[in-house]
>>> print(open('entry.pdb').read())   # PDB, C-alpha atoms
MODEL        1
ATOM      1  CA  MET A 697     -58.785  81.944 -53.487
ATOM      2  CA  SER A 698     -57.947  78.495 -54.890
ATOM      3  CA  HIS A 699     -57.443  75.492 -52.641
ATOM      4  CA  ILE A 700     -53.683  75.625 -53.287
ATOM      5  CA  GLU A 701     -53.466  79.289 -52.320
ATOM      6  CA  SER A 702     -55.540  78.664 -49.171
ATOM      7  CA  PHE A 703     -53.333  75.725 -48.217
ATOM      8  CA  ILE A 704     -50.115  77.698 -48.784
ATOM      9  CA  LYS A 705     -51.469  80.557 -46.687
ATOM     10  CA  PHE A 706     -52.314  78.073 -43.919
ATOM     11  CA  ILE A 707     -48.875  76.435 -43.728
ATOM     12  CA  ALA A 708     -47.096  79.783 -43.961
ATOM     13  CA  GLU A 709     -49.077  81.218 -41.059
ATOM     14  CA  ASN A 710     -49.590  78.150 -38.872
ATOM     15  CA  GLN A 711     -46.957  75.518 -39.555
ATOM     16  CA  GLY A 712     -43.775  77.569 -39.277
ATOM     17  CA  TYR A 713     -42.609  76.598 -42.768
ATOM     18  CA  SER A 714     -39.847  78.747 -44.237
ATOM     19  CA  GLN A 715     -40.506  81.014 -47.206
ATOM     20  CA  ASN A 716     -38.424  78.711 -49.413
ATOM     21  CA  THR A 717     -40.475  75.661 -48.430
ATOM     22  CA  THR A 718     -43.837  77.352 -48.927
ATOM     23  CA  GLU A 719     -42.779  78.668 -52.329
ATOM     24  CA  ALA A 720     -41.495  75.211 -53.328
ATOM     25  CA  TYR A 721     -44.753  73.557 -52.211
ATOM     26  CA  LYS A 722     -46.770  76.134 -54.136
ATOM     27  CA  TYR A 723     -44.762  75.460 -57.291
ATOM     28  CA  ASP A 724     -44.997  71.680 -56.826
ATOM     29  CA  LEU A 725     -48.758  71.700 -56.329
ATOM     30  CA  HIS A 726     -49.448  73.946 -59.291
ATOM     31  CA  GLU A 727     -47.214  71.727 -61.416
ATOM     32  CA  PHE A 728     -49.074  68.607 -60.269
ATOM     33  CA  ALA A 729     -52.451  70.262 -60.902
ATOM     34  CA  LYS A 730     -51.367  71.241 -64.419
ATOM     35  CA  TRP A 731     -50.203  67.679 -65.142
ATOM     36  CA  MET A 732     -53.503  66.291 -63.897
ATOM     37  CA  GLN A 733     -55.478  68.696 -66.106
ATOM     38  CA  THR A 734     -53.454  67.541 -69.104
ATOM     39  CA  GLU A 735     -53.475  63.823 -68.379
ATOM     40  CA  ARG A 736     -56.849  63.480 -66.634
ATOM     41  CA  THR A 737     -59.356  65.792 -68.310
ATOM     42  CA  GLY A 738     -61.928  66.975 -65.819
ATOM     43  CA  ALA A 739     -60.000  65.653 -62.797
ATOM     44  CA  ARG A 740     -60.728  67.264 -59.435
ATOM     45  CA  TRP A 741     -58.911  66.989 -56.125
ATOM     46  CA  SER A 742     -61.730  64.732 -54.940
ATOM     47  CA  THR A 743     -61.353  62.339 -57.884
ATOM     48  CA  ILE A 744     -57.556  61.941 -57.884
ATOM     49  CA  THR A 745     -56.498  58.424 -56.913
ATOM     50  CA  ALA A 746     -53.364  56.862 -55.451
ATOM     51  CA  GLN A 747     -52.655  55.420 -58.912
ATOM     52  CA  ASP A 748     -52.804  58.917 -60.433
ATOM     53  CA  ILE A 749     -50.203  60.140 -57.970
ATOM     54  CA  ASP A 750     -47.987  57.077 -58.540
ATOM     55  CA  GLU A 751     -48.111  57.698 -62.292
ATOM     56  CA  TYR A 752     -47.191  61.324 -61.758
ATOM     57  CA  VAL A 753     -44.212  60.274 -59.627
ATOM     58  CA  SER A 754     -43.140  57.842 -62.365
ATOM     59  CA  PHE A 755     -43.431  60.647 -64.905
ATOM     60  CA  LYS A 756     -41.137  62.860 -62.807
ATOM     61  CA  VAL A 757     -38.608  60.034 -62.396
ATOM     62  CA  GLU A 758     -38.540  59.445 -66.143
ATOM     63  CA  SER A 759     -38.169  63.195 -66.683
ATOM     64  CA  GLY A 760     -34.929  63.142 -64.684
ATOM     65  CA  ALA A 761     -36.094  64.806 -61.460
ATOM     66  CA  SER A 762     -33.767  64.116 -58.550
ATOM     67  CA  PRO A 763     -34.880  61.872 -55.655
ATOM     68  CA  SER A 764     -34.888  64.859 -53.283
ATOM     69  CA  THR A 765     -37.100  66.872 -55.645
ATOM     70  CA  ILE A 766     -39.554  63.986 -56.004
ATOM     71  CA  LYS A 767     -39.580  63.475 -52.241
ATOM     72  CA  ARG A 768     -40.538  67.128 -51.762
ATOM     73  CA  LYS A 769     -43.302  66.925 -54.390
ATOM     74  CA  ILE A 770     -44.826  63.891 -52.699
ATOM     75  CA  ALA A 771     -44.629  65.671 -49.336
ATOM     76  CA  ALA A 772     -46.427  68.693 -50.812
ATOM     77  CA  ILE A 773     -49.262  66.579 -52.245
ATOM     78  CA  ARG A 774     -49.573  64.535 -49.073
ATOM     79  CA  SER A 775     -49.671  67.684 -46.926
ATOM     80  CA  LEU A 776     -52.332  69.240 -49.146
ATOM     81  CA  TYR A 777     -54.595  66.219 -48.734
ATOM     82  CA  THR A 778     -53.992  66.164 -44.985
ATOM     83  CA  TRP A 779     -55.171  69.780 -44.945
ATOM     84  CA  PHE A 780     -58.231  68.821 -47.061
ATOM     85  CA  ARG A 781     -59.203  66.233 -44.449
ATOM     86  CA  ARG A 782     -58.709  68.582 -41.512
ATOM     87  CA  GLN A 783     -60.855  71.180 -43.260
ATOM     88  CA  GLY A 784     -63.585  68.590 -43.760
ATOM     89  CA  LEU A 785     -63.351  68.953 -47.544
ATOM     90  CA  LEU A 786     -62.300  65.357 -48.282
ATOM     91  CA  LYS A 787     -62.319  62.083 -46.388
ATOM     92  CA  GLU A 788     -59.403  60.248 -48.016
ATOM     93  CA  ASN A 789     -55.717  61.011 -48.619
ATOM     94  CA  PRO A 790     -54.704  59.210 -51.838
ATOM     95  CA  ALA A 791     -51.077  60.223 -51.309
ATOM     96  CA  ARG A 792     -50.909  58.502 -47.936
ATOM     97  CA  TYR A 793     -49.197  55.385 -49.240
ATOM     98  CA  THR A 794     -47.256  56.896 -52.124
ATOM     99  CA  SER A 795     -43.727  55.541 -51.900
ATOM    100  CA  THR A 796     -40.876  58.008 -51.641
ATOM    101  CA  PRO A 797     -37.718  57.240 -53.647
ATOM    102  CA  LYS A 798     -34.778  56.315 -51.457
ATOM    103  CA  LEU A 799     -32.300  59.159 -51.356
ATOM    104  CA  ALA A 800     -28.759  58.364 -52.318
ATOM    105  CA  LYS A 801     -26.248  59.543 -49.741
ATOM    106  CA  ARG A 802     -23.830  62.141 -51.026
ATOM    107  CA  ASP A 803     -21.279  64.438 -49.548
ATOM    108  CA  PRO A 804     -22.433  68.032 -49.094
ATOM    109  CA  HIS A 805     -20.857  70.669 -51.323
ATOM    110  CA  THR A 806     -18.185  72.751 -49.606
ATOM    111  CA  VAL A 807     -15.958  75.620 -50.693
ATOM    112  CA  GLU A 808     -12.241  76.087 -50.089
ATOM    113  CA  MET A 809     -11.310  77.835 -46.851
ATOM    114  CA  GLU A 810      -8.829  79.938 -48.798
ATOM    115  CA  ALA A 811     -11.586  81.179 -51.101
ATOM    116  CA  ILE A 812     -13.788  82.189 -48.165
ATOM    117  CA  LYS A 813     -10.962  84.057 -46.464
ATOM    118  CA  ALA A 814      -9.925  85.800 -49.696
ATOM    119  CA  THR A 815     -13.537  86.850 -50.353
ATOM    120  CA  ILE A 816     -13.981  88.332 -46.893
ATOM    121  CA  GLU A 817     -10.714  90.257 -47.215
ATOM    122  CA  ASP A 818     -11.430  91.521 -50.741
ATOM    123  CA  GLN A 819     -12.056  95.256 -50.318
ATOM    124  CA  GLU A 820     -13.494  95.492 -53.838
ATOM    125  CA  ILE A 821     -16.493  93.433 -52.722
ATOM    126  CA  GLU A 822     -19.361  95.272 -51.018
ATOM    127  CA  ALA A 823     -18.788  95.424 -47.251
ATOM    128  CA  ARG A 824     -22.298  94.171 -46.469
ATOM    129  CA  THR A 825     -21.798  91.062 -48.615
ATOM    130  CA  ARG A 826     -18.444  90.315 -46.970
ATOM    131  CA  PHE A 827     -20.104  90.756 -43.572
ATOM    132  CA  GLN A 828     -22.860  88.302 -44.525
ATOM    133  CA  ILE A 829     -20.346  85.724 -45.726
ATOM    134  CA  ALA A 830     -18.373  86.009 -42.491
ATOM    135  CA  ILE A 831     -21.470  85.480 -40.347
ATOM    136  CA  LEU A 832     -22.767  82.581 -42.449
ATOM    137  CA  PHE A 833     -19.401  80.845 -42.338
ATOM    138  CA  GLU A 834     -18.755  81.378 -38.644
ATOM    139  CA  THR A 835     -22.238  80.459 -37.426
ATOM    140  CA  GLY A 836     -23.706  78.018 -39.954
ATOM    141  CA  LEU A 837     -26.878  80.085 -40.236
ATOM    142  CA  ARG A 838     -29.319  79.489 -43.064
ATOM    143  CA  ILE A 839     -29.612  82.454 -45.426
ATOM    144  CA  SER A 840     -33.269  82.883 -44.441
ATOM    145  CA  GLU A 841     -32.240  83.058 -40.769
ATOM    146  CA  LEU A 842     -29.565  85.625 -41.553
ATOM    147  CA  MET A 843     -31.896  87.879 -43.520
ATOM    148  CA  ALA A 844     -34.477  87.779 -40.711
ATOM    149  CA  MET A 845     -31.873  88.725 -38.100
ATOM    150  CA  ARG A 846     -32.427  91.906 -36.086
ATOM    151  CA  TRP A 847     -29.932  94.041 -34.181
ATOM    152  CA  GLU A 848     -31.776  93.048 -31.013
ATOM    153  CA  ASP A 849     -30.767  89.413 -31.676
ATOM    154  CA  LEU A 850     -27.072  90.238 -31.241
ATOM    155  CA  ASP A 851     -25.219  89.917 -27.958
ATOM    156  CA  ILE A 852     -22.055  91.720 -29.007
ATOM    157  CA  LYS A 853     -20.426  91.413 -25.563
ATOM    158  CA  ASN A 854     -20.607  87.599 -25.601
ATOM    159  CA  ARG A 855     -20.379  87.212 -29.399
ATOM    160  CA  GLN A 856     -23.711  85.434 -29.586
ATOM    161  CA  ILE A 857     -26.723  85.571 -31.887
ATOM    162  CA  HIS A 858     -30.238  84.515 -30.938
ATOM    163  CA  VAL A 859     -31.754  82.654 -33.886
ATOM    164  CA  THR A 860     -35.327  81.626 -34.620
ATOM    165  CA  GLY A 861     -34.998  78.785 -37.097
ATOM    166  CA  LYS A 862     -37.238  76.255 -38.819
ATOM    167  CA  GLY A 863     -40.457  75.499 -36.997
ATOM    168  CA  GLN A 864     -39.953  78.649 -34.895
ATOM    169  CA  LYS A 865     -37.323  76.808 -32.843
ATOM    170  CA  ASP A 866     -34.891  79.045 -30.960
ATOM    171  CA  ARG A 867     -31.171  78.488 -30.589
ATOM    172  CA  THR A 868     -28.029  80.503 -29.833
ATOM    173  CA  VAL A 869     -24.921  80.521 -32.025
ATOM    174  CA  ILE A 870     -21.489  82.003 -31.432
ATOM    175  CA  TYR A 871     -19.632  84.060 -34.015
ATOM    176  CA  GLY A 872     -15.883  84.442 -34.456
ATOM    177  CA  GLU A 873     -13.180  87.065 -34.542
ATOM    178  CA  ARG A 874     -13.783  88.306 -38.074
ATOM    179  CA  THR A 875     -17.449  89.048 -37.454
ATOM    180  CA  ALA A 876     -16.545  90.624 -34.107
ATOM    181  CA  GLN A 877     -14.132  92.977 -35.886
ATOM    182  CA  MET A 878     -16.807  93.970 -38.387
ATOM    183  CA  LEU A 879     -19.246  94.647 -35.559
ATOM    184  CA  ALA A 880     -16.745  96.613 -33.461
ATOM    185  CA  PRO A 881     -17.964 100.062 -34.642
ATOM    186  CA  VAL A 882     -21.613  99.130 -34.038
ATOM    187  CA  THR A 883     -23.471 100.636 -31.095
ATOM    188  CA  SER A 884     -26.038  98.780 -29.008
ATOM    189  CA  GLN A 885     -28.688 101.394 -29.820
ATOM    190  CA  LEU A 886     -29.374 100.029 -33.304
ATOM    191  CA  THR A 887     -32.734  98.280 -33.749
ATOM    192  CA  GLY A 888     -34.684  96.517 -36.483
ATOM    193  CA  ILE A 889     -33.720  94.276 -39.394
ATOM    194  CA  ILE A 890     -29.970  94.254 -40.025
ATOM    195  CA  PHE A 891     -29.965  93.475 -43.746
ATOM    196  CA  ASN A 892     -32.650  95.327 -45.664
ATOM    197  CA  GLU A 893     -32.691  93.143 -48.790
ATOM    198  CA  SER A 894     -34.347  89.942 -49.945
ATOM    199  CA  VAL A 895     -32.946  86.429 -49.653
ATOM    200  CA  GLU A 896     -32.667  86.320 -53.431
ATOM    201  CA  GLN A 897     -30.701  89.581 -53.637
ATOM    202  CA  ALA A 898     -28.281  88.566 -50.896
ATOM    203  CA  SER A 899     -27.826  85.069 -52.345
ATOM    204  CA  ARG A 900     -26.969  86.475 -55.762
ATOM    205  CA  LYS A 901     -24.346  88.831 -54.334
ATOM    206  CA  ILE A 902     -22.804  86.101 -52.185
ATOM    207  CA  HIS A 903     -22.608  83.777 -55.192
ATOM    208  CA  PHE A 904     -20.738  86.271 -57.342
ATOM    209  CA  ALA A 905     -18.480  87.328 -54.468
ATOM    210  CA  LEU A 906     -17.365  83.738 -53.831
ATOM    211  CA  LYS A 907     -17.131  83.110 -57.573
ATOM    212  CA  LYS A 908     -14.404  85.724 -57.737
ATOM    213  CA  HIS A 909     -12.125  83.523 -55.643
ATOM    214  CA  SER A 910     -13.381  80.001 -56.364
ATOM    215  CA  ALA A 911     -13.828  78.055 -59.583
ATOM    216  CA  GLN A 912     -16.597  75.881 -58.132
ATOM    217  CA  LYS A 913     -19.979  75.878 -59.842
ATOM    218  CA  TYR A 914     -22.252  75.610 -56.786
ATOM    219  CA  LEU A 915     -21.673  78.633 -54.577
ATOM    220  CA  SER A 916     -24.964  79.352 -52.854
ATOM    221  CA  PRO A 917     -25.005  80.722 -49.278
ATOM    222  CA  HIS A 918     -25.839  77.201 -48.079
ATOM    223  CA  ILE A 919     -22.379  76.021 -49.122
ATOM    224  CA  LEU A 920     -20.964  78.130 -46.287
ATOM    225  CA  ARG A 921     -23.180  76.255 -43.814
ATOM    226  CA  HIS A 922     -21.955  72.923 -45.209
ATOM    227  CA  THR A 923     -18.348  74.090 -45.060
ATOM    228  CA  MET A 924     -18.685  75.214 -41.450
ATOM    229  CA  ALA A 925     -20.185  71.885 -40.368
ATOM    230  CA  THR A 926     -17.599  69.887 -42.321
ATOM    231  CA  GLU A 927     -14.707  71.836 -40.791
ATOM    232  CA  MET A 928     -16.137  71.370 -37.293
ATOM    233  CA  ALA A 929     -16.419  67.623 -37.847
ATOM    234  CA  ARG A 930     -12.897  67.506 -39.262
ATOM    235  CA  ASN A 931     -11.620  69.203 -36.119
ATOM    236  CA  GLY A 932     -13.310  66.656 -33.880
ATOM    237  CA  ALA A 933     -16.590  68.265 -32.786
ATOM    238  CA  SER A 934     -19.348  65.817 -31.871
ATOM    239  CA  LEU A 935     -22.307  65.231 -34.165
ATOM    240  CA  TYR A 936     -24.602  66.280 -31.336
ATOM    241  CA  ALA A 937     -22.802  69.619 -31.021
ATOM    242  CA  ILE A 938     -22.934  70.270 -34.751
ATOM    243  CA  ALA A 939     -26.637  69.389 -34.823
ATOM    244  CA  GLN A 940     -27.309  71.835 -31.970
ATOM    245  CA  ILE A 941     -25.466  74.660 -33.709
ATOM    246  CA  LEU A 942     -27.112  74.029 -37.090
ATOM    247  CA  GLY A 943     -30.556  73.642 -35.564
ATOM    248  CA  HIS A 944     -31.102  70.083 -36.819
ATOM    249  CA  GLU A 945     -34.009  68.276 -35.155
ATOM    250  CA  SER A 946     -32.431  64.866 -35.750
ATOM    251  CA  ILE A 947     -28.776  63.969 -35.414
ATOM    252  CA  LYS A 948     -29.210  61.738 -38.473
ATOM    253  CA  THR A 949     -29.363  64.883 -40.598
ATOM    254  CA  THR A 950     -25.906  65.775 -39.302
ATOM    255  CA  GLU A 951     -24.287  62.370 -39.888
ATOM    256  CA  VAL A 952     -23.391  63.367 -43.433
ATOM    257  CA  TYR A 953     -20.683  65.679 -42.100
ATOM    258  CA  ALA A 954     -18.615  63.153 -40.212
ATOM    259  CA  HIS A 955     -18.282  59.581 -38.998
ATOM    260  CA  ARG A 956     -15.903  60.122 -36.145
ATOM    261  CA  CYS A 957     -16.362  63.148 -33.886
ATOM    262  CA  GLN A 958     -14.764  63.297 -30.435
ATOM    263  CA  ARG A 959     -14.121  66.711 -28.883
ATOM    264  CA  ALA A 960     -16.416  69.044 -26.948
ATOM    265  CA  ALA A 961     -18.681  71.223 -29.063
ATOM    266  CA  MET A 962     -18.278  74.827 -28.015
ATOM    267  CA  GLN A 963     -14.531  74.639 -27.526
ATOM    268  CA  GLN A 964     -14.128  73.209 -31.022
ATOM    269  CA  TYR A 965     -16.560  75.710 -32.447
ATOM    270  CA  GLN A 966     -14.660  78.661 -30.993
ATOM    271  CA  GLU A 967     -11.380  77.270 -32.257
ATOM    272  CA  TYR A 968     -12.945  76.752 -35.684
ATOM    273  CA  ALA A 969     -14.254  80.305 -35.828
ATOM    274  CA  ALA A 970     -10.779  81.591 -35.036
ATOM    275  CA  LEU A 971      -9.430  80.064 -38.255
ATOM    276  CA  LEU A 972     -10.409  83.179 -40.187
TER     277      LEU A 972
ENDMDL
END
>>> encode(input="entry.pdb", output="structure tokens")
Amino acid sequence: MSHIESFIKFIAENQGYSQNTTEAYKYDLHEFAKWMQTERTGARWSTITAQDIDEYVSFKVESGASPSTIKRKIAAIRSLYTWFRRQGLLKENPARYTSTPKLAKRDPHTVEMEAIKATIEDQEIEARTRFQIAILFETGLRISELMAMRWEDLDIKNRQIHVTGKGQKDRTVIYGERTAQMLAPVTSQLTGIIFNESVEQASRKIHFALKKHSAQKYLSPHILRHTMATEMARNGASLYAIAQILGHESIKTTEVYAHRCQRAAMQQYQEYAALL
């Protein structure tokens, strides 16, 4: 097994990284290794310098990579070298002082409330996909969290879902009336994974379902999470409350959704969920 594969296996099993993050790191590291083989014939992980990494970052900037993409690539390289040191394979981390491009602040993509409601009510769309959209919109779950959800995680009586999010951190979210209606025929005896399909399969179906009622280009499942948070902020929920519901470790991550938030979290959240 190559060093990259060993490192990816380590972070997947021990660091609580999501599948999306581990796959992105794997891609980034293989891409960096390929660039080094092309530009630095005979280069090894032990011979790569801080200057090499800086030149690679400059190459990616000139190639048009976004600041967030470059930030992730630097994080992947830095994490790999941290793992090298902990394994006793190398003594230095040449990526330690690599500067990360400053990210430009931008508003998160959202989708029209009317489009979400029309999609959920569209009987021509597969019931499972409409159910997934309703839950994502009402709870702000990540698609990976939704696809990992089990029947045992549902508290149908109290309209709550137990979620294990990034870094294996637990939280509880509340769902709204539309999801409750869809769950009404469900019995408490069901067990196991709720949605037996991959993240990629579900994401593709959600995209095309929303596309039927919205002309927007970016319609990934994550847009429903952004829309939920934006609507909560617009209705006066506090940044702290939104951060708790979304599972953000830092409130700074949530600041993008609003500048002025005043009302109590759960009350606003329940009122928001009732909009459907």
>>> atom_distance(input="entry.pdb", atom1="atom CA of Ile829 of chain A", atom2="atom CA of Ala939 of chain A")
20.6 Å
>>> closest_atom_pairs(input="entry.pdb", of="segment 763-788 of chain A", to="segment 729-737 of chain A", cutoff="12 Å", atoms="only C-alpha atoms", output="JSON lines")
{"residue": "A:Lys769", "atom": "CA", "partner": "A:Ala729", "partner_atom": "CA", "distance": 11.7}
{"residue": "A:Ala772", "atom": "CA", "partner": "A:Ala729", "partner_atom": "CA", "distance": 11.9}
{"residue": "A:Ile773", "atom": "CA", "partner": "A:Ala729", "partner_atom": "CA", "distance": 9.9}
{"residue": "A:Leu776", "atom": "CA", "partner": "A:Ala729", "partner_atom": "CA", "distance": 11.8}
>>> residues_around(input="entry.pdb", residues="Ser775 of chain A", least_positions_apart="3", cutoff="12 Å", atoms="all atoms listed in the file", output="PyMOL selection string")
chain A and resi 700+703-704+706-707+711+718+721-722+724-725+768-772+778-782+789-792
>>> resolve_selection(input="entry.pdb", expression="the PyMOL selection byres ((chain A and resi 836) around 10)", output="mmCIF file with C-alpha atoms, keeping the file's coordinate frame")
data_model
loop_
_atom_site.group_PDB
_atom_site.id
_atom_site.type_symbol
_atom_site.label_atom_id
_atom_site.label_comp_id
_atom_site.auth_asym_id
_atom_site.auth_seq_id
_atom_site.Cartn_x
_atom_site.Cartn_y
_atom_site.Cartn_z
ATOM 1 C CA ALA A 830 -18.373 86.009 -42.491
ATOM 2 C CA ILE A 831 -21.470 85.480 -40.347
ATOM 3 C CA LEU A 832 -22.767 82.581 -42.449
ATOM 4 C CA PHE A 833 -19.401 80.845 -42.338
ATOM 5 C CA GLU A 834 -18.755 81.378 -38.644
ATOM 6 C CA THR A 835 -22.238 80.459 -37.426
ATOM 7 C CA LEU A 837 -26.878 80.085 -40.236
ATOM 8 C CA ARG A 838 -29.319 79.489 -43.064
ATOM 9 C CA ILE A 839 -29.612 82.454 -45.426
ATOM 10 C CA GLU A 841 -32.240 83.058 -40.769
ATOM 11 C CA LEU A 842 -29.565 85.625 -41.553
ATOM 12 C CA VAL A 869 -24.921 80.521 -32.025
ATOM 13 C CA ILE A 870 -21.489 82.003 -31.432
ATOM 14 C CA TYR A 871 -19.632 84.060 -34.015
ATOM 15 C CA PRO A 917 -25.005 80.722 -49.278
ATOM 16 C CA HIS A 918 -25.839 77.201 -48.079
ATOM 17 C CA ILE A 919 -22.379 76.021 -49.122
ATOM 18 C CA LEU A 920 -20.964 78.130 -46.287
ATOM 19 C CA ARG A 921 -23.180 76.255 -43.814
ATOM 20 C CA HIS A 922 -21.955 72.923 -45.209
ATOM 21 C CA THR A 923 -18.348 74.090 -45.060
ATOM 22 C CA MET A 924 -18.685 75.214 -41.450
ATOM 23 C CA ALA A 925 -20.185 71.885 -40.368
ATOM 24 C CA ILE A 938 -22.934 70.270 -34.751
ATOM 25 C CA ILE A 941 -25.466 74.660 -33.709
ATOM 26 C CA LEU A 942 -27.112 74.029 -37.090
ATOM 27 C CA GLY A 943 -30.556 73.642 -35.564
#
>>> atom_distance(input="entry.pdb", atom1="atom CA of Ala823 of chain A", atom2="atom CA of Asp851 of chain A")
21.1 Å
>>> resolve_selection(input="entry.pdb", expression="the PyMOL selection byres ((chain A and resi 914) around 9)", output="PyMOL selection string")
chain A and resi 805-807+903+912-913+915-916+919
>>> closest_residue(input="entry.pdb", among="A:Thr887, A:Asn931, A:Thr926, A:Tyr713", to="Pro804 of chain A", atoms="all atoms listed in the file")
A:Thr926
>>> atom_distance(input="entry.pdb", atom1="atom CA of Lys901 of chain A", atom2="atom CA of Gln828 of chain A")
9.9 Å
>>> closest_residue(input="entry.pdb", among="A:Glu820, A:Asp849, A:Glu788, A:Glu927", to="Arg867 of chain A", atoms="only C-alpha atoms")
A:Asp849
>>> resolve_selection(input="entry.pdb", expression="the PyMOL selection byres ((chain A and resi 813-816) around 9)", output="PyMOL selection string")
chain A and resi 808-812+817-819+821+823+825-827+829-830+874+905-909+972
>>> build_atoms(input="entry.pdb", residues="segment 719-732 of chain A", atoms="N, CA and C atoms", output="PDB file, keeping the file's coordinate frame")
ATOM      1  N   GLU A 719     -42.840  78.362 -50.900  1.00  0.00           N
ATOM      2  CA  GLU A 719     -42.779  78.668 -52.329  1.00  0.00           C
ATOM      3  C   GLU A 719     -42.565  77.401 -53.143  1.00  0.00           C
ATOM      4  N   ALA A 720     -41.738  76.475 -52.629  1.00  0.00           N
ATOM      5  CA  ALA A 720     -41.495  75.211 -53.328  1.00  0.00           C
ATOM      6  C   ALA A 720     -42.771  74.369 -53.370  1.00  0.00           C
ATOM      7  N   TYR A 721     -43.498  74.300 -52.253  1.00  0.00           N
ATOM      8  CA  TYR A 721     -44.753  73.557 -52.211  1.00  0.00           C
ATOM      9  C   TYR A 721     -45.768  74.158 -53.182  1.00  0.00           C
ATOM     10  N   LYS A 722     -45.829  75.463 -53.230  1.00  0.00           N
ATOM     11  CA  LYS A 722     -46.770  76.134 -54.136  1.00  0.00           C
ATOM     12  C   LYS A 722     -46.460  75.767 -55.575  1.00  0.00           C
ATOM     13  N   TYR A 723     -45.176  75.820 -55.930  1.00  0.00           N
ATOM     14  CA  TYR A 723     -44.762  75.460 -57.291  1.00  0.00           C
ATOM     15  C   TYR A 723     -45.096  73.998 -57.581  1.00  0.00           C
ATOM     16  N   ASP A 724     -44.767  73.116 -56.634  1.00  0.00           N
ATOM     17  CA  ASP A 724     -44.997  71.680 -56.826  1.00  0.00           C
ATOM     18  C   ASP A 724     -46.477  71.365 -57.030  1.00  0.00           C
ATOM     19  N   LEU A 725     -47.327  71.983 -56.249  1.00  0.00           N
ATOM     20  CA  LEU A 725     -48.758  71.700 -56.329  1.00  0.00           C
ATOM     21  C   LEU A 725     -49.382  72.231 -57.609  1.00  0.00           C
ATOM     22  N   HIS A 726     -48.947  73.410 -58.028  1.00  0.00           N
ATOM     23  CA  HIS A 726     -49.448  73.946 -59.291  1.00  0.00           C
ATOM     24  C   HIS A 726     -48.967  73.082 -60.461  1.00  0.00           C
ATOM     25  N   GLU A 727     -47.740  72.589 -60.362  1.00  0.00           N
ATOM     26  CA  GLU A 727     -47.214  71.727 -61.416  1.00  0.00           C
ATOM     27  C   GLU A 727     -47.999  70.421 -61.479  1.00  0.00           C
ATOM     28  N   PHE A 728     -48.295  69.843 -60.322  1.00  0.00           N
ATOM     29  CA  PHE A 728     -49.074  68.607 -60.269  1.00  0.00           C
ATOM     30  C   PHE A 728     -50.482  68.830 -60.816  1.00  0.00           C
ATOM     31  N   ALA A 729     -51.099  69.955 -60.431  1.00  0.00           N
ATOM     32  CA  ALA A 729     -52.451  70.262 -60.902  1.00  0.00           C
ATOM     33  C   ALA A 729     -52.468  70.418 -62.423  1.00  0.00           C
ATOM     34  N   LYS A 730     -51.452  71.053 -62.970  1.00  0.00           N
ATOM     35  CA  LYS A 730     -51.367  71.241 -64.419  1.00  0.00           C
ATOM     36  C   LYS A 730     -51.218  69.900 -65.124  1.00  0.00           C
ATOM     37  N   TRP A 731     -50.401  69.011 -64.554  1.00  0.00           N
ATOM     38  CA  TRP A 731     -50.203  67.679 -65.142  1.00  0.00           C
ATOM     39  C   TRP A 731     -51.512  66.907 -65.121  1.00  0.00           C
ATOM     40  N   MET A 732     -52.235  66.995 -64.000  1.00  0.00           N
ATOM     41  CA  MET A 732     -53.503  66.291 -63.897  1.00  0.00           C
ATOM     42  C   MET A 732     -54.512  66.815 -64.916  1.00  0.00           C
TER      43      MET A 732
END
